[in-house]
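Q: Take a look at start_4.cif, mmCIF, C-alpha atoms:
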data_upload
loop_
_atom_site.label_atom_id
_atom_site.label_comp_id
_atom_site.auth_asym_id
_atom_site.auth_seq_id
_atom_site.Cartn_x
_atom_site.Cartn_y
_atom_site.Cartn_z
CA MET F 70 -52.73 48.40 15.04
CA SER F 71 -52.63 51.13 12.45
CA ILE F 72 -54.01 54.58 11.87
CA ILE F 73 -54.09 56.91 8.86
CA LEU F 74 -53.37 60.58 9.56
CA ASN F 75 -53.54 63.63 7.32
CA GLU F 76 -50.13 65.30 7.54
CA SER F 77 -49.85 68.51 5.50
CA GLY F 78 -52.25 67.20 2.88
CA LYS F 79 -50.62 63.75 2.68
CA LYS F 80 -52.13 60.58 4.08
CA VAL F 81 -49.64 58.71 6.27
CA MET F 82 -50.29 55.32 7.82
CA TYR F 83 -48.64 54.57 11.17
CA ILE F 84 -48.48 51.02 12.46
CA LYS F 85 -47.33 49.45 15.71
CA GLY F 86 -47.26 45.91 16.90
CA ALA F 87 -45.23 42.80 17.65
CA SER F 88 -41.71 43.51 16.47
CA GLU F 89 -41.17 40.25 14.61
CA ILE F 90 -44.39 40.81 12.64
CA ILE F 91 -44.05 44.54 11.88
CA LEU F 92 -40.39 44.10 10.88
CA GLU F 93 -41.58 41.90 8.00
CA SER F 94 -43.65 44.86 6.71
CA CYS F 95 -40.67 47.25 6.72
CA SER F 96 -38.38 47.78 3.77
CA GLU F 97 -36.42 50.68 5.26
CA LEU F 98 -35.37 52.26 8.53
CA ILE F 99 -35.39 55.93 9.39
CA ASP F 100 -32.46 56.48 11.76
CA PHE F 101 -31.93 59.06 14.52
CA ASN F 102 -30.62 61.60 12.01
CA GLY F 103 -33.66 61.24 9.76
CA SER F 104 -31.67 59.33 7.14
CA THR F 105 -33.33 56.41 5.40
CA ARG F 106 -31.55 53.06 5.14
CA HIS F 107 -32.71 50.02 3.16
CA ILE F 108 -33.30 47.03 5.44
CA ASP F 109 -31.01 44.44 3.89
CA THR F 110 -30.22 41.06 5.45
CA THR F 111 -27.40 42.53 7.57
CA LEU F 112 -29.53 45.34 9.01
CA LYS F 113 -32.45 42.95 9.52
CA SER F 114 -30.16 40.64 11.50
CA GLU F 115 -29.02 43.58 13.64
CA ILE F 116 -32.63 44.54 14.36
CA GLU F 117 -33.54 40.92 15.15
CA GLY F 118 -30.54 40.81 17.50
CA GLY F 119 -31.86 43.89 19.30
CA ILE F 120 -35.30 42.27 19.56
CA ALA F 121 -33.77 39.09 21.01
CA LYS F 122 -31.62 41.04 23.47
CA MET F 123 -34.65 42.91 24.80
CA ALA F 124 -36.88 39.82 24.81
CA ASN F 125 -34.28 37.85 26.79
CA THR F 126 -34.55 40.48 29.54
CA ALA F 127 -38.35 40.03 29.74
CA LEU F 128 -39.17 43.09 27.63
CA ARG F 129 -42.12 42.92 25.25
CA THR F 130 -40.93 44.42 21.97
CA ILE F 131 -42.90 46.49 19.50
CA ILE F 132 -41.97 48.31 16.33
CA ILE F 133 -43.48 51.59 15.20
CA ALA F 134 -43.39 52.28 11.46
CA LYS F 135 -44.98 54.54 8.87
CA LYS F 136 -45.61 54.87 5.17
CA GLU F 137 -47.04 57.58 2.97
CA LEU F 138 -50.12 56.43 1.09
CA THR F 139 -50.58 57.16 -2.61
CA GLY F 140 -54.36 56.97 -2.54
CA ASN F 141 -54.39 53.88 -4.75
CA GLU F 142 -54.18 51.41 -1.86
CA ASN F 143 -57.01 49.00 -1.23
CA LEU F 144 -58.02 49.63 2.37
CA GLU F 145 -60.56 46.79 2.46
CA ASN F 146 -58.72 43.56 1.52
CA LYS F 147 -57.54 41.37 4.41
CA ASP F 148 -55.57 38.15 4.46
CA SER F 149 -56.66 34.97 6.26
CA LYS F 150 -55.35 36.36 9.57
CA GLY F 151 -57.33 39.59 9.25
CA VAL F 152 -54.33 41.76 8.32
CA TYR F 153 -55.08 44.42 5.71
CA GLU F 154 -53.04 44.25 2.48
CA VAL F 155 -51.95 47.86 2.96
CA GLU F 156 -50.36 46.90 6.31
CA GLN F 157 -48.18 44.15 4.87
CA LYS F 158 -45.35 45.99 3.09
CA GLY F 159 -43.64 49.25 2.26
CA PHE F 160 -43.17 50.66 5.76
CA SER F 161 -40.30 52.69 7.16
CA MET F 162 -39.33 51.55 10.64
CA LEU F 163 -39.21 54.42 13.12
CA ALA F 164 -38.51 52.71 16.44
CA LEU F 165 -38.01 49.44 18.26
CA LEU F 166 -39.34 49.68 21.81
CA GLY F 167 -39.05 47.39 24.81
CA ILE F 168 -41.86 47.45 27.37
CA LYS F 169 -41.41 45.96 30.84
CA ASP F 170 -44.46 44.56 32.60
CA ILE F 171 -43.33 44.57 36.21
CA LEU F 172 -44.21 41.40 38.09
CA ARG F 173 -46.29 41.98 41.16
CA GLN F 174 -44.21 41.33 44.26
CA GLU F 175 -46.28 38.38 45.42
CA VAL F 176 -46.18 36.41 42.14
CA PRO F 177 -42.91 34.44 42.63
CA GLY F 178 -43.96 33.47 46.17
CA ALA F 179 -47.44 32.43 45.05
CA ILE F 180 -45.95 30.28 42.28
CA ALA F 181 -43.54 28.66 44.76
CA LYS F 182 -46.46 27.85 47.09
CA CYS F 183 -48.44 26.33 44.24
CA LYS F 184 -45.49 24.14 43.31
CA GLN F 185 -45.04 23.06 46.95
CA ALA F 186 -48.72 22.07 46.96
CA GLY F 187 -48.20 19.93 43.85
CA VAL F 188 -49.84 22.33 41.40
CA ARG F 189 -48.15 22.46 38.00
CA VAL F 190 -48.14 26.15 37.08
CA ARG F 191 -48.41 27.11 33.40
CA MET F 192 -48.44 30.50 31.71
CA VAL F 193 -50.31 31.32 28.50
CA THR F 194 -49.26 34.47 26.66
CA GLY F 195 -49.14 35.95 23.20
CA ASP F 196 -45.66 37.34 23.83
CA ASN F 197 -42.56 36.55 21.80
CA LEU F 198 -41.18 33.14 22.91
CA LEU F 199 -37.96 34.70 24.25
CA THR F 200 -39.97 37.23 26.28
CA ALA F 201 -42.27 34.50 27.58
CA ARG F 202 -39.28 32.36 28.64
CA ALA F 203 -37.65 35.31 30.43
CA ILE F 204 -40.87 36.15 32.30
CA ALA F 205 -41.45 32.48 33.22
CA LEU F 206 -37.88 32.31 34.59
CA GLU F 207 -38.29 35.60 36.46
CA CYS F 208 -41.43 34.52 38.28
CA GLY F 209 -40.34 30.91 38.90
CA ILE F 210 -42.69 29.06 36.55
CA ILE F 211 -39.71 27.41 34.85
CA ASN F 212 -36.24 26.69 36.15
CA PRO F 213 -33.14 27.08 33.94
CA GLU F 214 -31.66 23.82 35.32
CA ASP F 215 -34.86 21.85 34.70
CA LYS F 216 -34.55 19.94 31.43
CA ASP F 217 -38.35 19.57 31.29
CA SER F 218 -38.96 23.36 31.22
CA LEU F 219 -40.75 24.12 28.00
CA VAL F 220 -41.91 27.24 26.18
CA MET F 221 -43.93 26.86 22.99
CA ASN F 222 -46.08 28.92 20.65
CA GLY F 223 -49.80 28.39 20.16
CA ILE F 224 -49.51 26.26 17.02
CA ASP F 225 -47.01 23.91 18.68
CA PHE F 226 -49.30 23.65 21.73
CA ILE F 227 -52.31 22.77 19.57
CA ASN F 228 -50.27 20.10 17.78
CA ALA F 229 -48.95 18.75 21.11
CA VAL F 230 -52.44 18.32 22.55
CA GLY F 231 -53.82 16.70 19.44
CA GLY F 232 -55.15 19.67 17.48
CA GLY F 233 -58.80 20.17 16.79
CA ILE F 234 -58.87 23.44 18.71
CA SER F 235 -60.07 26.54 16.89
CA ILE F 236 -58.42 29.76 18.04
CA PRO F 237 -60.02 32.98 16.79
CA CYS F 238 -57.57 35.56 15.45
#
Please express the file's structure as structure tokens.
A:
Amino acid sequence: MSIILNESGKKVMYIKGASEIILESCSELIDFNGSTRHIDTTLKSEIEGGIAKMANTALRTIIIAKKELTGNENLENKDSKGVYEVEQKGFSMLALLGIKDILRQEVPGAIAKCKQAGVRVRMVTGDNLLTARAIALECGIINPEDKDSLVMNGIDFINAVGGGISIPC
């Protein structure tokens, strides 16, 4: 999601979204002191480590970033996934956030009852795979000792069931 704001006569685009996607659009990081750092492979690895650490504790991660527009950007062109060209590069990362969706109290018990009744419980989510695994563990959908526990992304699922499914983006 992005928005363009007029800030003191300058147009600035702010973007927020799935951390692993928005990180790819960022070329620099603005730190707590307001200093700008180039995102090289070392810094990118550190950020990805922070994403993984949060995701492994069942936090959904998002990145907020911004860039000043020159006025020459094409605000109409989209790629095959519907992402505007202007949203794909040149951003300065402002923050990495972790959001906790608290499980309702009754969810683990309900999942346990379903399993006792022979129901195979599955969860479908658009979350990061690490976040999805942590949530599935937390609510009892998968068991860390169970070798058959599986977490997969949408493309892998489509391939596993034989493809032919069209998923709108």
Q: Here's the selection I'm unsure about, the PyMOL selection byres ((chain F and resi 138) around 10); applied to the file above, which residues does it give, as JSON, numbers by chain?
A: {"F": [73, 74, 79, 80, 81, 82, 135, 136, 137, 139, 140, 141, 142, 155, 159]}
Q: What would the file look like if the residues just selected were written as a PDB file, in the frame of the given file with C-alpha atoms?
A:
ATOM      1  CA  ILE F  73     -54.090  56.910   8.860  1.00  0.00           C
ATOM      2  CA  LEU F  74     -53.370  60.580   9.560  1.00  0.00           C
ATOM      3  CA  LYS F  79     -50.620  63.750   2.680  1.00  0.00           C
ATOM      4  CA  LYS F  80     -52.130  60.580   4.080  1.00  0.00           C
ATOM      5  CA  VAL F  81     -49.640  58.710   6.270  1.00  0.00           C
ATOM      6  CA  MET F  82     -50.290  55.320   7.820  1.00  0.00           C
ATOM      7  CA  LYS F 135     -44.980  54.540   8.870  1.00  0.00           C
ATOM      8  CA  LYS F 136     -45.610  54.870   5.170  1.00  0.00           C
ATOM      9  CA  GLU F 137     -47.040  57.580   2.970  1.00  0.00           C
ATOM     10  CA  THR F 139     -50.580  57.160  -2.610  1.00  0.00           C
ATOM     11  CA  GLY F 140     -54.360  56.970  -2.540  1.00  0.00           C
ATOM     12  CA  ASN F 141     -54.390  53.880  -4.750  1.00  0.00           C
ATOM     13  CA  GLU F 142     -54.180  51.410  -1.860  1.00  0.00           C
ATOM     14  CA  VAL F 155     -51.950  47.860   2.960  1.00  0.00           C
ATOM     15  CA  GLY F 159     -43.640  49.250   2.260  1.00  0.00           C
TER      16      GLY F 159
END
Q: For region 117-133 of chain F, find every residue with an atom within 7 Å (counting only C-alpha atoms), except residues of its own chain fewer than 4 positions away, and show them as JSON, numbers by chain.
A: {"F": [84, 85, 86, 87, 88, 91, 113, 162, 163, 164, 165, 166, 167, 168, 169, 196, 199, 200, 203, 204]}
Q: What's the separation between CA of Gln157 (chain F) and CA of Arg106 (chain F), in Å to one decimal place?
A: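 A separation of 18.9 Å between them.
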Q: From the set F:Glu214, F:Glu97, F:Gly209, F:Ile72, which residue has the shortest atom-to-atom contact distance to Cys183 (chain F), counting all atoms listed in the file?
A: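 For Cys183 (chain F), the nearest of the candidates is F:Gly209.
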Q: With distances taken over all atoms listed in the file, which residue among F:Thr105, F:Asn222, F:Asn228, F:Thr110 lies nearest Val193 (chain F)?
A: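 Closest to Val193 (chain F) of all the choices is F:Asn222.
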Q: Find, counting only C-alpha atoms, the residue in F:Lys158, F:Arg191, F:His107, F:Arg173 that gets nearest to Ile90 (chain F).
A: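 Ranked by minimum distance to Ile90 (chain F), first place goes to F:Lys158.
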Q: In Å, how far is it from CA of Phe160 (chain F) to CA of Glu93 (chain F)?
A: 9.2 Å
Q: Kindly compute an axis-aligned box around the listed atoms of region 137-153 of chain F, allowing 5 Å on each side, and express its centre and edge lengths in Å to one decimal as lines of an AutoDock Vina configuration file.
A:
center_x = -53.8
center_y = 46.3
center_z = 2.4
size_x = 23.5
size_y = 32.6
size_z = 24.3
Q: Please provide the set of residues having any atom within 10 Å of Leu206 (chain F), restricted to only C-alpha atoms, with same-chain residues fewer than 5 positions apart removed, written as a list of chain:residue names.
A: F:Ala127, F:Pro177, F:Thr200, F:Ala201, F:Ile211, F:Asn212, F:Pro213, F:Ser218
Q: At what distance in Å, to one decimal, does CA of Met70 (chain F) lie from CA of Tyr83 (chain F)?
A: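 Here the two named atoms are 8.4 Å from each other.
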